[in-house]
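Structure below is coords30.csv: CSV, N, CA and C atoms.
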chain,number,residue,atom,x,y,z
A,1,MET,N,133.4,17.3,-4.2
A,1,MET,CA,134.7,17.8,-3.8
A,1,MET,C,134.6,18.3,-2.3
A,2,LEU,N,135.6,18.0,-1.5
A,2,LEU,CA,135.6,18.4,-0.1
A,2,LEU,C,135.9,19.9,0.0
A,3,ASN,N,135.3,20.5,1.0
A,3,ASN,CA,135.6,21.9,1.1
A,3,ASN,C,136.7,22.1,2.2
A,4,ALA,N,137.1,23.3,2.4
A,4,ALA,CA,138.2,23.6,3.3
A,4,ALA,C,137.7,23.3,4.8
A,5,LYS,N,136.5,23.5,5.1
A,5,LYS,CA,136.0,23.3,6.4
A,5,LYS,C,136.2,21.8,6.9
A,6,VAL,N,136.0,20.9,6.0
A,6,VAL,CA,136.2,19.5,6.3
A,6,VAL,C,137.7,19.2,6.6
A,7,PHE,N,138.6,19.8,5.8
A,7,PHE,CA,140.0,19.7,6.1
A,7,PHE,C,140.4,20.3,7.4
A,8,GLU,N,139.9,21.4,7.7
A,8,GLU,CA,140.2,22.1,9.0
A,8,GLU,C,139.7,21.3,10.2
A,9,ASP,N,138.5,20.7,10.1
A,9,ASP,CA,137.9,19.9,11.1
A,9,ASP,C,138.8,18.7,11.3
A,10,LEU,N,139.1,18.0,10.2
A,10,LEU,CA,140.0,16.8,10.3
A,10,LEU,C,141.3,17.1,10.9
A,11,SER,N,141.9,18.2,10.5
A,11,SER,CA,143.2,18.6,11.0
A,11,SER,C,143.1,18.9,12.5
A,12,GLY,N,142.1,19.6,12.9
A,12,GLY,CA,141.9,19.8,14.3
A,12,GLY,C,141.8,18.6,15.2
A,13,LYS,N,141.0,17.6,14.6
A,13,LYS,CA,140.8,16.4,15.3
A,13,LYS,C,142.1,15.6,15.4
A,14,LEU,N,142.8,15.5,14.3
A,14,LEU,CA,144.1,14.8,14.4
A,14,LEU,C,145.1,15.5,15.3
A,15,HIS,N,145.1,16.8,15.3
A,15,HIS,CA,146.0,17.5,16.3
A,15,HIS,C,145.6,17.2,17.7
A,16,ASP,N,144.3,17.2,18.0
A,16,ASP,CA,143.9,16.9,19.4
A,16,ASP,C,144.2,15.4,19.7
A,17,ALA,N,144.0,14.5,18.8
A,17,ALA,CA,144.3,13.1,19.0
A,17,ALA,C,145.8,12.9,19.3
A,18,VAL,N,146.7,13.5,18.6
A,18,VAL,CA,148.1,13.4,18.8
A,18,VAL,C,148.5,14.1,20.1
A,19,LYS,N,147.9,15.2,20.4
A,19,LYS,CA,148.2,16.0,21.6
A,19,LYS,C,147.9,15.2,22.8
A,20,ASN,N,146.9,14.4,22.8
A,20,ASN,CA,146.5,13.6,24.0
A,20,ASN,C,146.9,12.2,23.9
A,21,SER,N,147.7,11.8,23.0
A,21,SER,CA,148.1,10.4,22.8
A,21,SER,C,149.5,10.2,23.5
A,22,PRO,N,149.8,8.9,23.6
A,22,PRO,CA,151.2,8.6,24.1
A,22,PRO,C,152.3,9.1,23.1
A,23,ALA,N,151.9,9.3,21.9
A,23,ALA,CA,152.9,9.8,20.9
A,23,ALA,C,153.5,11.2,21.4
A,24,ARG,N,152.6,12.0,22.0
A,24,ARG,CA,153.1,13.3,22.6
A,24,ARG,C,154.1,13.1,23.7
A,25,ASP,N,153.8,12.1,24.6
A,25,ASP,CA,154.7,11.9,25.6
A,25,ASP,C,156.1,11.4,25.1
A,26,ILE,N,156.0,10.5,24.1
A,26,ILE,CA,157.2,10.0,23.4
A,26,ILE,C,158.0,11.2,22.8
A,27,GLU,N,157.3,12.1,22.2
A,27,GLU,CA,158.0,13.3,21.6
A,27,GLU,C,158.6,14.1,22.7
A,28,LYS,N,157.9,14.3,23.8
A,28,LYS,CA,158.5,15.1,24.9
A,28,LYS,C,159.8,14.5,25.4
A,29,ASN,N,159.7,13.1,25.6
A,29,ASN,CA,160.8,12.4,26.2
A,29,ASN,C,162.0,12.4,25.2
A,30,MET,N,161.7,12.3,23.9
A,30,MET,CA,162.8,12.3,22.9
A,30,MET,C,163.5,13.7,22.9
A,31,ARG,N,162.6,14.7,22.9
A,31,ARG,CA,163.2,16.1,23.0
A,31,ARG,C,164.1,16.3,24.2
A,32,ALA,N,163.7,15.8,25.3
A,32,ALA,CA,164.5,15.9,26.5
A,32,ALA,C,165.8,15.1,26.4
A,33,LEU,N,165.7,13.9,25.9
A,33,LEU,CA,166.9,13.1,25.7
A,33,LEU,C,167.9,13.8,24.7
A,34,LEU,N,167.3,14.3,23.6
A,34,LEU,CA,168.2,15.0,22.7
A,34,LEU,C,168.8,16.3,23.3
A,35,ALA,N,168.0,17.0,24.0
A,35,ALA,CA,168.5,18.2,24.6
A,35,ALA,C,169.7,17.9,25.6
A,36,GLN,N,169.5,16.8,26.4
A,36,GLN,CA,170.5,16.4,27.3
A,36,GLN,C,171.7,16.0,26.6
A,37,GLY,N,171.6,15.2,25.5
A,37,GLY,CA,172.7,14.8,24.7
A,37,GLY,C,173.5,16.0,24.1
A,38,PHE,N,172.7,17.0,23.6
A,38,PHE,CA,173.4,18.1,23.0
A,38,PHE,C,174.2,18.9,24.0
A,39,THR,N,173.7,19.0,25.2
A,39,THR,CA,174.4,19.8,26.2
A,39,THR,C,175.8,19.2,26.6
A,40,LYS,N,175.9,17.9,26.4
A,40,LYS,CA,177.2,17.2,26.6
A,40,LYS,C,178.2,17.4,25.5
A,41,LEU,N,177.7,17.8,24.4
A,41,LEU,CA,178.5,18.0,23.2
A,41,LEU,C,179.1,19.5,23.3
A,42,ASP,N,180.2,19.7,22.6
A,42,ASP,CA,180.7,21.0,22.6
A,42,ASP,C,180.2,21.8,21.3
A,43,LEU,N,178.9,22.2,21.4
A,43,LEU,CA,178.3,22.8,20.3
A,43,LEU,C,178.1,24.3,20.6
A,44,VAL,N,177.9,25.1,19.5
A,44,VAL,CA,177.6,26.5,19.6
A,44,VAL,C,176.4,26.8,18.9
A,45,THR,N,175.7,27.9,19.2
A,45,THR,CA,174.5,28.2,18.5
A,45,THR,C,174.9,28.8,17.2
A,46,ARG,N,173.9,28.9,16.3
A,46,ARG,CA,174.1,29.5,15.0
A,46,ARG,C,174.5,31.0,15.1
A,47,GLU,N,173.9,31.7,16.1
A,47,GLU,CA,174.3,33.1,16.3
A,47,GLU,C,175.7,33.2,16.8
A,48,GLU,N,176.2,32.4,17.7
A,48,GLU,CA,177.6,32.4,18.1
A,48,GLU,C,178.5,32.1,16.9
A,49,PHE,N,178.1,31.1,16.1
A,49,PHE,CA,178.9,30.8,14.9
A,49,PHE,C,179.1,31.9,14.0
A,50,ASP,N,177.9,32.6,13.7
A,50,ASP,CA,178.0,33.7,12.8
A,50,ASP,C,178.8,34.9,13.3
A,51,ILE,N,178.7,35.1,14.6
A,51,ILE,CA,179.6,36.2,15.3
A,51,ILE,C,181.0,35.8,15.1
A,52,GLN,N,181.4,34.6,15.4
A,52,GLN,CA,182.8,34.2,15.3
A,52,GLN,C,183.3,34.3,13.8
A,53,THR,N,182.4,34.0,12.9
A,53,THR,CA,182.7,34.1,11.4
A,53,THR,C,183.0,35.5,11.1
A,54,GLN,N,182.3,36.5,11.6
A,54,GLN,CA,182.5,37.9,11.4
A,54,GLN,C,183.8,38.3,12.0
A,55,VAL,N,184.1,37.9,13.2
A,55,VAL,CA,185.3,38.2,13.9
A,55,VAL,C,186.5,37.7,13.1
A,56,LEU,N,186.4,36.5,12.6
A,56,LEU,CA,187.5,35.9,11.8
A,56,LEU,C,187.7,36.7,10.5
A,57,ALA,N,186.6,37.1,9.9
A,57,ALA,CA,186.8,37.9,8.6
A,57,ALA,C,187.5,39.2,8.9
A,58,ARG,N,187.1,39.9,10.0
A,58,ARG,CA,187.8,41.2,10.3
A,58,ARG,C,189.2,40.9,10.7
A,59,THR,N,189.5,39.9,11.4
A,59,THR,CA,190.9,39.5,11.7
A,59,THR,C,191.7,39.3,10.5
A,60,ARG,N,191.2,38.6,9.5
A,60,ARG,CA,191.9,38.3,8.3
A,60,ARG,C,192.2,39.6,7.5
A,61,GLU,N,191.2,40.5,7.5
A,61,GLU,CA,191.4,41.8,6.8
A,61,GLU,C,192.5,42.6,7.5
A,62,GLN,N,192.5,42.6,8.8
A,62,GLN,CA,193.6,43.3,9.6
A,62,GLN,C,194.9,42.6,9.3
A,63,LEU,N,195.0,41.3,9.2
A,63,LEU,CA,196.2,40.6,8.9
A,63,LEU,C,196.7,41.0,7.6
A,64,THR,N,195.9,41.1,6.6
A,64,THR,CA,196.3,41.4,5.2
A,64,THR,C,196.9,42.8,5.2
A,65,VAL,N,196.3,43.8,5.9
A,65,VAL,CA,196.8,45.1,6.0
A,65,VAL,C,198.2,45.1,6.7
A,66,LEU,N,198.3,44.4,7.8
A,66,LEU,CA,199.5,44.4,8.5
A,66,LEU,C,200.6,43.7,7.7
A,67,GLU,N,200.3,42.6,7.0
A,67,GLU,CA,201.3,42.0,6.1
A,67,GLU,C,201.8,43.0,5.1
A,68,ALA,N,200.9,43.7,4.5
A,68,ALA,CA,201.3,44.7,3.5
A,68,ALA,C,202.2,45.8,4.1
A,69,ARG,N,201.8,46.2,5.3
A,69,ARG,CA,202.6,47.2,6.0
A,69,ARG,C,204.0,46.7,6.3
A,70,VAL,N,204.1,45.5,6.8
A,70,VAL,CA,205.4,44.8,7.1
A,70,VAL,C,206.3,44.7,5.8
A,71,ALA,N,205.7,44.3,4.7
A,71,ALA,CA,206.4,44.2,3.4
A,71,ALA,C,206.9,45.6,3.0
A,72,GLU,N,206.0,46.6,3.2
A,72,GLU,CA,206.4,48.0,2.8
A,72,GLU,C,207.6,48.4,3.7
A,73,LEU,N,207.6,48.2,5.0
A,73,LEU,CA,208.7,48.6,5.9
A,73,LEU,C,210.0,47.8,5.6
A,74,GLU,N,209.8,46.5,5.2
A,74,GLU,CA,211.0,45.7,4.9
A,74,GLU,C,211.6,46.2,3.6
A,75,ALA,N,210.8,46.6,2.6
A,75,ALA,CA,211.3,47.2,1.4
A,75,ALA,C,212.0,48.5,1.6
A,76,MET,N,211.5,49.3,2.5
A,76,MET,CA,212.1,50.6,2.8
A,76,MET,C,213.5,50.3,3.5
A,77,ARG,N,213.5,49.4,4.4
A,77,ARG,CA,214.8,49.0,5.1
A,77,ARG,C,215.8,48.5,4.1
A,78,GLU,N,215.4,47.7,3.1
A,78,GLU,CA,216.4,47.1,2.2
A,78,GLU,C,216.9,48.2,1.2
A,79,SER,N,216.1,49.2,1.0
A,79,SER,CA,216.5,50.3,0.0
A,79,SER,C,217.5,51.3,0.7
A,80,ASN,N,217.5,51.3,2.0
A,80,ASN,CA,218.5,52.2,2.7
A,80,ASN,C,219.8,51.6,2.9
Encoding of this model in structure tokens:
Amino acid sequence: MLNAKVFEDLSGKLHDAVKNSPARDIEKNMRALLAQGFTKLDLVTREEFDIQTQVLARTREQLTVLEARVAELEAMRESN
């Protein structure tokens, strides 16, 4: 049975081989192309999306309160 040291050595050698190979250059170029493509799109970060989701939730809560208040005021007006 192989021990962990053999796997670590093999992993390190594979990592070094990929790091110094044309595959690494291809990966860098693909990342650059993707990044350039994404900047042309109208995208937001996950953080920005989450913030806007929270803002929308608060706005909905306020709208519900205001709708109830308007209904209350209309009921008072109709009773007078």
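Straight-line separation from atom N of A:Lys19 to atom CA of A:Phe38: 25.8 Å.
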Expressed in Å to a single decimal, how great is the separation between atom C of A:Glu47 and atom CA of A:Glu27?
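Computed distance, atom C of A:Glu47 to atom CA of A:Glu27, equals 27.1 Å.
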Could you state the separation of atom CA of A:Arg46 and atom CA of A:Leu34 in Å, given to one decimal place?
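Interatomic distance here is 17.4 Å.
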